[in-house]
file data.pdb (PDB, C-alpha atoms, pLDDT in the B column)
MODEL        1
ATOM      1  CA  MET A   1      -2.673 -13.144 -16.650  1.00 67.00           C
ATOM      2  CA  LYS A   2      -2.132 -12.896 -20.403  1.00 70.00           C
ATOM      3  CA  LYS A   3      -5.383 -14.761 -21.001  1.00 73.00           C
ATOM      4  CA  ASN A   4      -7.282 -12.248 -18.884  1.00 74.00           C
ATOM      5  CA  ILE A   5      -5.825  -9.302 -20.752  1.00 78.00           C
ATOM      6  CA  LEU A   6      -6.478 -10.902 -24.126  1.00 70.00           C
ATOM      7  CA  SER A   7     -10.054 -11.766 -23.223  1.00 74.00           C
ATOM      8  CA  GLY A   8     -10.606  -8.175 -22.060  1.00 74.00           C
ATOM      9  CA  LEU A   9      -9.264  -6.853 -25.359  1.00 71.00           C
ATOM     10  CA  MET A  10     -11.441  -9.285 -27.312  1.00 73.00           C
ATOM     11  CA  ILE A  11     -14.522  -8.137 -25.431  1.00 74.00           C
ATOM     12  CA  ALA A  12     -13.674  -4.500 -26.087  1.00 71.00           C
ATOM     13  CA  ALA A  13     -13.169  -5.231 -29.796  1.00 68.00           C
ATOM     14  CA  LEU A  14     -16.459  -7.118 -29.910  1.00 64.00           C
ATOM     15  CA  VAL A  15     -18.356  -4.259 -28.295  1.00 61.00           C
ATOM     16  CA  VAL A  16     -16.769  -1.675 -30.599  1.00 60.00           C
ATOM     17  CA  SER A  17     -17.356  -3.766 -33.712  1.00 60.00           C
ATOM     18  CA  CYS A  18     -20.985  -4.351 -32.760  1.00 58.00           C
ATOM     19  CA  THR A  19     -21.749  -0.654 -32.542  1.00 60.00           C
ATOM     20  CA  LYS A  20     -23.435   0.826 -35.561  1.00 64.00           C
ATOM     21  CA  SER A  21     -23.303   4.556 -36.234  1.00 65.00           C
ATOM     22  CA  THR A  22     -25.603   6.305 -38.689  1.00 73.00           C
ATOM     23  CA  SER A  23     -25.439   9.918 -39.755  1.00 76.00           C
ATOM     24  CA  LYS A  24     -28.520  11.711 -41.030  1.00 80.00           C
ATOM     25  CA  THR A  25     -28.330  15.076 -42.757  1.00 80.00           C
ATOM     26  CA  GLU A  26     -31.453  17.197 -43.140  1.00 81.00           C
ATOM     27  CA  LYS A  27     -31.777  20.402 -45.117  1.00 79.00           C
ATOM     28  CA  VAL A  28     -34.645  22.644 -44.134  1.00 79.00           C
ATOM     29  CA  GLU A  29     -35.697  25.764 -46.025  1.00 80.00           C
ATOM     30  CA  ASN A  30     -36.754  28.566 -43.743  1.00 79.00           C
ATOM     31  CA  PRO A  31     -39.655  30.910 -44.593  1.00 79.00           C
ATOM     32  CA  ASP A  32     -37.215  33.736 -45.275  1.00 83.00           C
ATOM     33  CA  GLY A  33     -35.510  31.601 -47.954  1.00 77.00           C
ATOM     34  CA  THR A  34     -32.372  30.537 -46.061  1.00 81.00           C
ATOM     35  CA  VAL A  35     -31.393  26.869 -45.860  1.00 79.00           C
ATOM     36  CA  THR A  36     -30.455  25.250 -42.529  1.00 80.00           C
ATOM     37  CA  THR A  37     -28.488  21.981 -42.550  1.00 79.00           C
ATOM     38  CA  THR A  38     -28.755  19.652 -39.525  1.00 80.00           C
ATOM     39  CA  THR A  39     -26.553  16.548 -39.119  1.00 79.00           C
ATOM     40  CA  THR A  40     -27.551  13.914 -36.566  1.00 78.00           C
ATOM     41  CA  THR A  41     -25.412  10.889 -35.627  1.00 74.00           C
ATOM     42  CA  VAL A  42     -27.168   7.898 -34.099  1.00 68.00           C
ATOM     43  CA  SER A  43     -25.211   5.036 -32.467  1.00 65.00           C
ATOM     44  CA  GLU A  44     -26.893   1.731 -31.813  1.00 63.00           C
ATOM     45  CA  THR A  45     -25.808  -1.807 -31.151  1.00 58.00           C
ATOM     46  CA  GLY A  46     -25.748  -4.113 -34.144  1.00 54.00           C
ATOM     47  CA  LEU A  47     -28.569  -6.478 -34.970  1.00 50.00           C
ATOM     48  CA  GLY A  48     -28.429  -9.952 -33.436  1.00 55.00           C
ATOM     49  CA  VAL A  49     -26.008  -9.023 -30.630  1.00 58.00           C
ATOM     50  CA  ASP A  50     -26.999 -10.391 -27.249  1.00 66.00           C
ATOM     51  CA  THR A  51     -25.796  -7.861 -24.673  1.00 75.00           C
ATOM     52  CA  THR A  52     -26.503 -10.258 -21.801  1.00 82.00           C
ATOM     53  CA  LYS A  53     -23.807 -12.592 -23.121  1.00 82.00           C
ATOM     54  CA  ILE A  54     -21.381  -9.686 -23.386  1.00 82.00           C
ATOM     55  CA  ASP A  55     -22.187  -8.632 -19.821  1.00 85.00           C
ATOM     56  CA  GLU A  56     -21.751 -12.223 -18.648  1.00 88.00           C
ATOM     57  CA  VAL A  57     -18.334 -12.471 -20.307  1.00 88.00           C
ATOM     58  CA  LYS A  58     -17.357  -9.104 -18.813  1.00 89.00           C
ATOM     59  CA  GLU A  59     -18.329 -10.316 -15.335  1.00 92.00           C
ATOM     60  CA  LYS A  60     -16.388 -13.567 -15.760  1.00 92.00           C
ATOM     61  CA  THR A  61     -13.369 -11.653 -17.019  1.00 92.00           C
ATOM     62  CA  GLN A  62     -13.542  -9.247 -14.090  1.00 92.00           C
ATOM     63  CA  ALA A  63     -13.803 -12.195 -11.678  1.00 92.00           C
ATOM     64  CA  ARG A  64     -10.702 -13.758 -13.244  1.00 93.00           C
ATOM     65  CA  ILE A  65      -8.817 -10.475 -13.043  1.00 92.00           C
ATOM     66  CA  ASP A  66      -9.812 -10.098  -9.376  1.00 92.00           C
ATOM     67  CA  ALA A  67      -8.700 -13.676  -8.632  1.00 92.00           C
ATOM     68  CA  ALA A  68      -5.342 -13.049 -10.330  1.00 92.00           C
ATOM     69  CA  GLY A  69      -4.941  -9.840  -8.323  1.00 92.00           C
ATOM     70  CA  GLU A  70      -5.629 -11.737  -5.098  1.00 93.00           C
ATOM     71  CA  LYS A  71      -3.045 -14.366  -6.024  1.00 94.00           C
ATOM     72  CA  ILE A  72      -0.471 -11.644  -6.674  1.00 94.00           C
ATOM     73  CA  ASP A  73      -1.296  -9.945  -3.361  1.00 94.00           C
ATOM     74  CA  ASN A  74      -1.039 -13.251  -1.479  1.00 95.00           C
ATOM     75  CA  ALA A  75       2.293 -14.073  -3.119  1.00 94.00           C
ATOM     76  CA  ALA A  76       3.638 -10.627  -2.219  1.00 95.00           C
ATOM     77  CA  GLU A  77       2.462 -11.015   1.389  1.00 95.00           C
ATOM     78  CA  ASP A  78       4.072 -14.478   1.635  1.00 94.00           C
ATOM     79  CA  ALA A  79       7.340 -13.125   0.252  1.00 95.00           C
ATOM     80  CA  LYS A  80       7.268 -10.243   2.746  1.00 95.00           C
ATOM     81  CA  ASN A  81       6.646 -12.654   5.638  1.00 95.00           C
ATOM     82  CA  LYS A  82       9.522 -14.889   4.532  1.00 94.00           C
ATOM     83  CA  ILE A  83      11.853 -11.905   4.274  1.00 95.00           C
ATOM     84  CA  ASP A  84      10.802 -10.695   7.734  1.00 94.00           C
ATOM     85  CA  ALA A  85      11.332 -14.170   9.221  1.00 93.00           C
ATOM     86  CA  THR A  86      14.762 -14.438   7.600  1.00 95.00           C
ATOM     87  CA  ALA A  87      15.707 -10.978   8.870  1.00 94.00           C
ATOM     88  CA  ASP A  88      14.610 -11.894  12.401  1.00 93.00           C
ATOM     89  CA  LYS A  89      16.574 -15.145  12.323  1.00 94.00           C
ATOM     90  CA  THR A  90      19.655 -13.349  10.980  1.00 94.00           C
ATOM     91  CA  LYS A  91      19.344 -10.753  13.735  1.00 93.00           C
ATOM     92  CA  GLU A  92      19.170 -13.502  16.375  1.00 94.00           C
ATOM     93  CA  ASN A  93      22.197 -15.269  14.890  1.00 94.00           C
ATOM     94  CA  LEU A  94      24.206 -12.051  14.817  1.00 94.00           C
ATOM     95  CA  HIS A  95      23.242 -11.297  18.424  1.00 93.00           C
ATOM     96  CA  LYS A  96      24.304 -14.797  19.489  1.00 93.00           C
ATOM     97  CA  ALA A  97      27.593 -14.436  17.597  1.00 93.00           C
ATOM     98  CA  GLY A  98      28.172 -11.105  19.339  1.00 91.00           C
ATOM     99  CA  GLN A  99      27.547 -12.705  22.729  1.00 93.00           C
ATOM    100  CA  ASP A 100      29.947 -15.550  21.880  1.00 91.00           C
ATOM    101  CA  ILE A 101      32.634 -13.075  20.811  1.00 93.00           C
ATOM    102  CA  LYS A 102      32.133 -11.055  23.987  1.00 91.00           C
ATOM    103  CA  SER A 103      32.505 -14.108  26.243  1.00 90.00           C
ATOM    104  CA  GLU A 104      35.603 -15.254  24.342  1.00 92.00           C
ATOM    105  CA  VAL A 105      37.141 -11.781  24.624  1.00 92.00           C
ATOM    106  CA  ASN A 106      36.479 -11.843  28.378  1.00 90.00           C
ATOM    107  CA  LYS A 107      38.241 -15.231  28.622  1.00 91.00           C
ATOM    108  CA  VAL A 108      41.199 -13.936  26.628  1.00 91.00           C
ATOM    109  CA  GLY A 109      41.327 -10.846  28.864  1.00 89.00           C
ATOM    110  CA  LYS A 110      41.455 -13.024  31.989  1.00 90.00           C
ATOM    111  CA  ASP A 111      44.176 -15.182  30.453  1.00 89.00           C
ATOM    112  CA  VAL A 112      46.197 -12.067  29.606  1.00 90.00           C
ATOM    113  CA  LYS A 113      45.775 -10.753  33.172  1.00 89.00           C
ATOM    114  CA  ASN A 114      46.902 -14.110  34.630  1.00 88.00           C
ATOM    115  CA  ALA A 115      49.890 -14.241  32.305  1.00 88.00           C
ATOM    116  CA  ALA A 116      50.795 -10.655  33.190  1.00 88.00           C
ATOM    117  CA  ALA A 117      50.491 -11.439  36.897  1.00 87.00           C
ATOM    118  CA  LYS A 118      52.730 -14.503  36.532  1.00 88.00           C
ATOM    119  CA  GLY A 119      55.214 -12.467  34.496  1.00 87.00           C
ATOM    120  CA  ALA A 120      55.192  -9.701  37.091  1.00 87.00           C
ATOM    121  CA  GLY A 121      55.774 -12.290  39.827  1.00 85.00           C
ATOM    122  CA  LYS A 122      58.758 -13.702  37.954  1.00 87.00           C
ATOM    123  CA  VAL A 123      60.134 -10.203  37.401  1.00 87.00           C
ATOM    124  CA  GLU A 124      59.839  -9.504  41.142  1.00 88.00           C
ATOM    125  CA  GLU A 125      61.592 -12.777  41.986  1.00 87.00           C
ATOM    126  CA  GLY A 126      64.303 -11.944  39.482  1.00 85.00           C
ATOM    127  CA  ALA A 127      64.665  -8.479  40.987  1.00 85.00           C
ATOM    128  CA  LYS A 128      64.961  -9.951  44.506  1.00 86.00           C
ATOM    129  CA  LYS A 129      67.625 -12.425  43.364  1.00 86.00           C
ATOM    130  CA  LEU A 130      69.480  -9.648  41.588  1.00 85.00           C
ATOM    131  CA  LYS A 131      69.314  -7.490  44.692  1.00 83.00           C
ATOM    132  CA  GLU A 132      70.634 -10.358  46.824  1.00 83.00           C
ATOM    133  CA  ASP A 133      73.402 -11.056  44.371  1.00 80.00           C
ATOM    134  CA  LEU A 134      74.375  -7.413  44.289  1.00 82.00           C
ATOM    135  CA  SER A 135      74.408  -7.117  48.024  1.00 81.00           C
ATOM    136  CA  LYS A 136      76.847 -10.070  48.393  1.00 70.00           C
TER     137      LYS A 136
ENDMDL
END

call {"tool": "encode", "arguments": {"input": "data.pdb", "output": "structure tokens"}}
result
Amino acid sequence: MKKNILSGLMIAALVVSCTKSTSKTEKVENPDGTVTTTTTTVSETGLGVDTTKIDEVKEKTQARIDAAGEKIDNAAEDAKNKIDATADKTKENLHKAGQDIKSEVNKVGKDVKNAAAKGAGKVEEGAKKLKEDLSK
């Protein structure tokens, strides 16, 4: 990426340095005796500069920049897909853990009910024995 930026800057510097500006000042005396001054600036590319080579380098640089942009986009898309896949897997694992907890809670609830029923049965037996003992 740094190479692409540097090559772009080099091309820009080359184009700017190869531009030649010339200023021409003309003084014209009018028939009424007044003087009019006209300044003209002309910009032209320097002698011996092949603009086709500059255009070719610009095209290559743009192609490299586009390729780097595509690589960045692809990497971002891959990262997004990995994150989505991880999120989906985590969601499935949490759902499974929730189901496991629910089934274990149901088992514990049944065990508590059975223990309470047994305890209630023992209390009833104890109450019957107490009643019998009291009635004797």

call {"tool": "closest_residue", "arguments": {"input": "data.pdb", "among": "A:Val108, A:Ala97, A:Ala12, A:Ala120", "to": "Val57 (chain A)", "atoms": "only C-alpha atoms"}}
result
A:Ala12

call {"tool": "residues_near_point", "arguments": {"input": "data.pdb", "point": "(-9.9, -14.3, -22.6)", "cutoff": "12 Å", "atoms": "only C-alpha atoms", "output": "PDB file with C-alpha atoms, in the coordinates of the input"}}
result
ATOM      1  CA  MET A   1      -2.673 -13.144 -16.650  1.00 67.00           C
ATOM      2  CA  LYS A   2      -2.132 -12.896 -20.403  1.00 70.00           C
ATOM      3  CA  LYS A   3      -5.383 -14.761 -21.001  1.00 73.00           C
ATOM      4  CA  ASN A   4      -7.282 -12.248 -18.884  1.00 74.00           C
ATOM      5  CA  ILE A   5      -5.825  -9.302 -20.752  1.00 78.00           C
ATOM      6  CA  LEU A   6      -6.478 -10.902 -24.126  1.00 70.00           C
ATOM      7  CA  SER A   7     -10.054 -11.766 -23.223  1.00 74.00           C
ATOM      8  CA  GLY A   8     -10.606  -8.175 -22.060  1.00 74.00           C
ATOM      9  CA  LEU A   9      -9.264  -6.853 -25.359  1.00 71.00           C
ATOM     10  CA  MET A  10     -11.441  -9.285 -27.312  1.00 73.00           C
ATOM     11  CA  ILE A  11     -14.522  -8.137 -25.431  1.00 74.00           C
ATOM     12  CA  ALA A  12     -13.674  -4.500 -26.087  1.00 71.00           C
ATOM     13  CA  VAL A  57     -18.334 -12.471 -20.307  1.00 88.00           C
ATOM     14  CA  LYS A  58     -17.357  -9.104 -18.813  1.00 89.00           C
ATOM     15  CA  GLU A  59     -18.329 -10.316 -15.335  1.00 92.00           C
ATOM     16  CA  LYS A  60     -16.388 -13.567 -15.760  1.00 92.00           C
ATOM     17  CA  THR A  61     -13.369 -11.653 -17.019  1.00 92.00           C
ATOM     18  CA  GLN A  62     -13.542  -9.247 -14.090  1.00 92.00           C
ATOM     19  CA  ALA A  63     -13.803 -12.195 -11.678  1.00 92.00           C
ATOM     20  CA  ARG A  64     -10.702 -13.758 -13.244  1.00 93.00           C
ATOM     21  CA  ILE A  65      -8.817 -10.475 -13.043  1.00 92.00           C
TER      22      ILE A  65
END

call {"tool": "axis_aligned_box", "arguments": {"input": "data.pdb", "around": "region 71-74 of chain A", "padding_each_side": "8 Å", "output": "lines of an AutoDock Vina configuration file"}}
result
center_x = -1.8
center_y = -12.2
center_z = -4.1
size_x = 18.6
size_y = 20.4
size_z = 21.2

call {"tool": "atom_distance", "arguments": {"input": "data.pdb", "atom1": "CA of Thr41 (chain A)", "atom2": "CA of Thr22 (chain A)"}}
result
5.5 Å

call {"tool": "atom_distance", "arguments": {"input": "data.pdb", "atom1": "CA of Lys89 (chain A)", "atom2": "CA of Ser103 (chain A)"}}
result
21.2 Å

call {"tool": "atom_distance", "arguments": {"input": "data.pdb", "atom1": "CA of Ser23 (chain A)", "atom2": "CA of Thr36 (chain A)"}}
result
16.4 Å

call {"tool": "decode", "arguments": {"input": "data.pdb", "residues": "region 58-88 of chain A", "atoms": "N, CA and C atoms", "output": "PDB file, in the first residue's frame"}}
result
ATOM      1  N   LYS A  58       0.565   6.002 -14.730  1.00  0.00           N
ATOM      2  CA  LYS A  58      -0.666   6.319 -14.009  1.00  0.00           C
ATOM      3  C   LYS A  58      -1.647   5.155 -14.059  1.00  0.00           C
ATOM      4  N   GLU A  59      -1.783   4.532 -15.216  1.00  0.00           N
ATOM      5  CA  GLU A  59      -2.703   3.399 -15.362  1.00  0.00           C
ATOM      6  C   GLU A  59      -2.239   2.213 -14.511  1.00  0.00           C
ATOM      7  N   LYS A  60      -0.933   1.939 -14.526  1.00  0.00           N
ATOM      8  CA  LYS A  60      -0.408   0.840 -13.719  1.00  0.00           C
ATOM      9  C   LYS A  60      -0.627   1.116 -12.238  1.00  0.00           C
ATOM     10  N   THR A  61      -0.382   2.359 -11.844  1.00  0.00           N
ATOM     11  CA  THR A  61      -0.570   2.732 -10.439  1.00  0.00           C
ATOM     12  C   THR A  61      -2.033   2.586 -10.042  1.00  0.00           C
ATOM     13  N   GLN A  62      -2.929   3.026 -10.906  1.00  0.00           N
ATOM     14  CA  GLN A  62      -4.357   2.903 -10.606  1.00  0.00           C
ATOM     15  C   GLN A  62      -4.759   1.438 -10.512  1.00  0.00           C
ATOM     16  N   ALA A  63      -4.200   0.594 -11.391  1.00  0.00           N
ATOM     17  CA  ALA A  63      -4.497  -0.841 -11.339  1.00  0.00           C
ATOM     18  C   ALA A  63      -4.018  -1.438 -10.020  1.00  0.00           C
ATOM     19  N   ARG A  64      -2.832  -1.023  -9.570  1.00  0.00           N
ATOM     20  CA  ARG A  64      -2.316  -1.526  -8.292  1.00  0.00           C
ATOM     21  C   ARG A  64      -3.180  -1.055  -7.134  1.00  0.00           C
ATOM     22  N   ILE A  65      -3.598   0.185  -7.177  1.00  0.00           N
ATOM     23  CA  ILE A  65      -4.466   0.716  -6.118  1.00  0.00           C
ATOM     24  C   ILE A  65      -5.793  -0.043  -6.097  1.00  0.00           C
ATOM     25  N   ASP A  66      -6.356  -0.302  -7.280  1.00  0.00           N
ATOM     26  CA  ASP A  66      -7.613  -1.058  -7.354  1.00  0.00           C
ATOM     27  C   ASP A  66      -7.439  -2.471  -6.802  1.00  0.00           C
ATOM     28  N   ALA A  67      -6.312  -3.113  -7.147  1.00  0.00           N
ATOM     29  CA  ALA A  67      -6.048  -4.473  -6.656  1.00  0.00           C
ATOM     30  C   ALA A  67      -5.920  -4.466  -5.133  1.00  0.00           C
ATOM     31  N   ALA A  68      -5.227  -3.473  -4.595  1.00  0.00           N
ATOM     32  CA  ALA A  68      -5.085  -3.377  -3.132  1.00  0.00           C
ATOM     33  C   ALA A  68      -6.451  -3.149  -2.483  1.00  0.00           C
ATOM     34  N   GLY A  69      -7.273  -2.323  -3.093  1.00  0.00           N
ATOM     35  CA  GLY A  69      -8.625  -2.092  -2.579  1.00  0.00           C
ATOM     36  C   GLY A  69      -9.454  -3.363  -2.572  1.00  0.00           C
ATOM     37  N   GLU A  70      -9.332  -4.161  -3.638  1.00  0.00           N
ATOM     38  CA  GLU A  70     -10.047  -5.438  -3.697  1.00  0.00           C
ATOM     39  C   GLU A  70      -9.583  -6.377  -2.601  1.00  0.00           C
ATOM     40  N   LYS A  71      -8.259  -6.423  -2.370  1.00  0.00           N
ATOM     41  CA  LYS A  71      -7.730  -7.285  -1.316  1.00  0.00           C
ATOM     42  C   LYS A  71      -8.270  -6.866   0.044  1.00  0.00           C
ATOM     43  N   ILE A  72      -8.333  -5.567   0.281  1.00  0.00           N
ATOM     44  CA  ILE A  72      -8.864  -5.063   1.553  1.00  0.00           C
ATOM     45  C   ILE A  72     -10.340  -5.432   1.683  1.00  0.00           C
ATOM     46  N   ASP A  73     -11.103  -5.250   0.606  1.00  0.00           N
ATOM     47  CA  ASP A  73     -12.528  -5.600   0.641  1.00  0.00           C
ATOM     48  C   ASP A  73     -12.727  -7.086   0.898  1.00  0.00           C
ATOM     49  N   ASN A  74     -11.923  -7.926   0.238  1.00  0.00           N
ATOM     50  CA  ASN A  74     -12.033  -9.374   0.428  1.00  0.00           C
ATOM     51  C   ASN A  74     -11.687  -9.767   1.862  1.00  0.00           C
ATOM     52  N   ALA A  75     -10.634  -9.158   2.406  1.00  0.00           N
ATOM     53  CA  ALA A  75     -10.241  -9.457   3.783  1.00  0.00           C
ATOM     54  C   ALA A  75     -11.342  -9.043   4.756  1.00  0.00           C
ATOM     55  N   ALA A  76     -11.952  -7.899   4.519  1.00  0.00           N
ATOM     56  CA  ALA A  76     -13.044  -7.438   5.382  1.00  0.00           C
ATOM     57  C   ALA A  76     -14.244  -8.380   5.288  1.00  0.00           C
ATOM     58  N   GLU A  77     -14.554  -8.826   4.094  1.00  0.00           N
ATOM     59  CA  GLU A  77     -15.681  -9.759   3.896  1.00  0.00           C
ATOM     60  C   GLU A  77     -15.401 -11.092   4.589  1.00  0.00           C
ATOM     61  N   ASP A  78     -14.162 -11.596   4.459  1.00  0.00           N
ATOM     62  CA  ASP A  78     -13.791 -12.846   5.138  1.00  0.00           C
ATOM     63  C   ASP A  78     -13.904 -12.706   6.647  1.00  0.00           C
ATOM     64  N   ALA A  79     -13.439 -11.581   7.177  1.00  0.00           N
ATOM     65  CA  ALA A  79     -13.517 -11.355   8.620  1.00  0.00           C
ATOM     66  C   ALA A  79     -14.971 -11.310   9.073  1.00  0.00           C
ATOM     67  N   LYS A  80     -15.825 -10.643   8.296  1.00  0.00           N
ATOM     68  CA  LYS A  80     -17.245 -10.559   8.634  1.00  0.00           C
ATOM     69  C   LYS A  80     -17.871 -11.943   8.638  1.00  0.00           C
ATOM     70  N   ASN A  81     -17.540 -12.769   7.627  1.00  0.00           N
ATOM     71  CA  ASN A  81     -18.092 -14.122   7.557  1.00  0.00           C
ATOM     72  C   ASN A  81     -17.644 -14.966   8.740  1.00  0.00           C
ATOM     73  N   LYS A  82     -16.372 -14.824   9.131  1.00  0.00           N
ATOM     74  CA  LYS A  82     -15.870 -15.586  10.280  1.00  0.00           C
ATOM     75  C   LYS A  82     -16.577 -15.158  11.564  1.00  0.00           C
ATOM     76  N   ILE A  83     -16.779 -13.864  11.715  1.00  0.00           N
ATOM     77  CA  ILE A  83     -17.475 -13.360  12.902  1.00  0.00           C
ATOM     78  C   ILE A  83     -18.909 -13.883  12.934  1.00  0.00           C
ATOM     79  N   ASP A  84     -19.585 -13.847  11.768  1.00  0.00           N
ATOM     80  CA  ASP A  84     -20.960 -14.345  11.708  1.00  0.00           C
ATOM     81  C   ASP A  84     -21.021 -15.828  12.046  1.00  0.00           C
ATOM     82  N   ALA A  85     -20.071 -16.614  11.505  1.00  0.00           N
ATOM     83  CA  ALA A  85     -20.049 -18.050  11.780  1.00  0.00           C
ATOM     84  C   ALA A  85     -19.806 -18.312  13.263  1.00  0.00           C
ATOM     85  N   THR A  86     -18.894 -17.560  13.857  1.00  0.00           N
ATOM     86  CA  THR A  86     -18.606 -17.718  15.284  1.00  0.00           C
ATOM     87  C   THR A  86     -19.830 -17.344  16.119  1.00  0.00           C
ATOM     88  N   ALA A  87     -20.510 -16.281  15.734  1.00  0.00           N
ATOM     89  CA  ALA A  87     -21.711 -15.860  16.459  1.00  0.00           C
ATOM     90  C   ALA A  87     -22.794 -16.933  16.367  1.00  0.00           C
ATOM     91  N   ASP A  88     -22.967 -17.512  15.172  1.00  0.00           N
ATOM     92  CA  ASP A  88     -23.969 -18.562  15.007  1.00  0.00           C
ATOM     93  C   ASP A  88     -23.635 -19.782  15.864  1.00  0.00           C
TER      94      ASP A  88
END
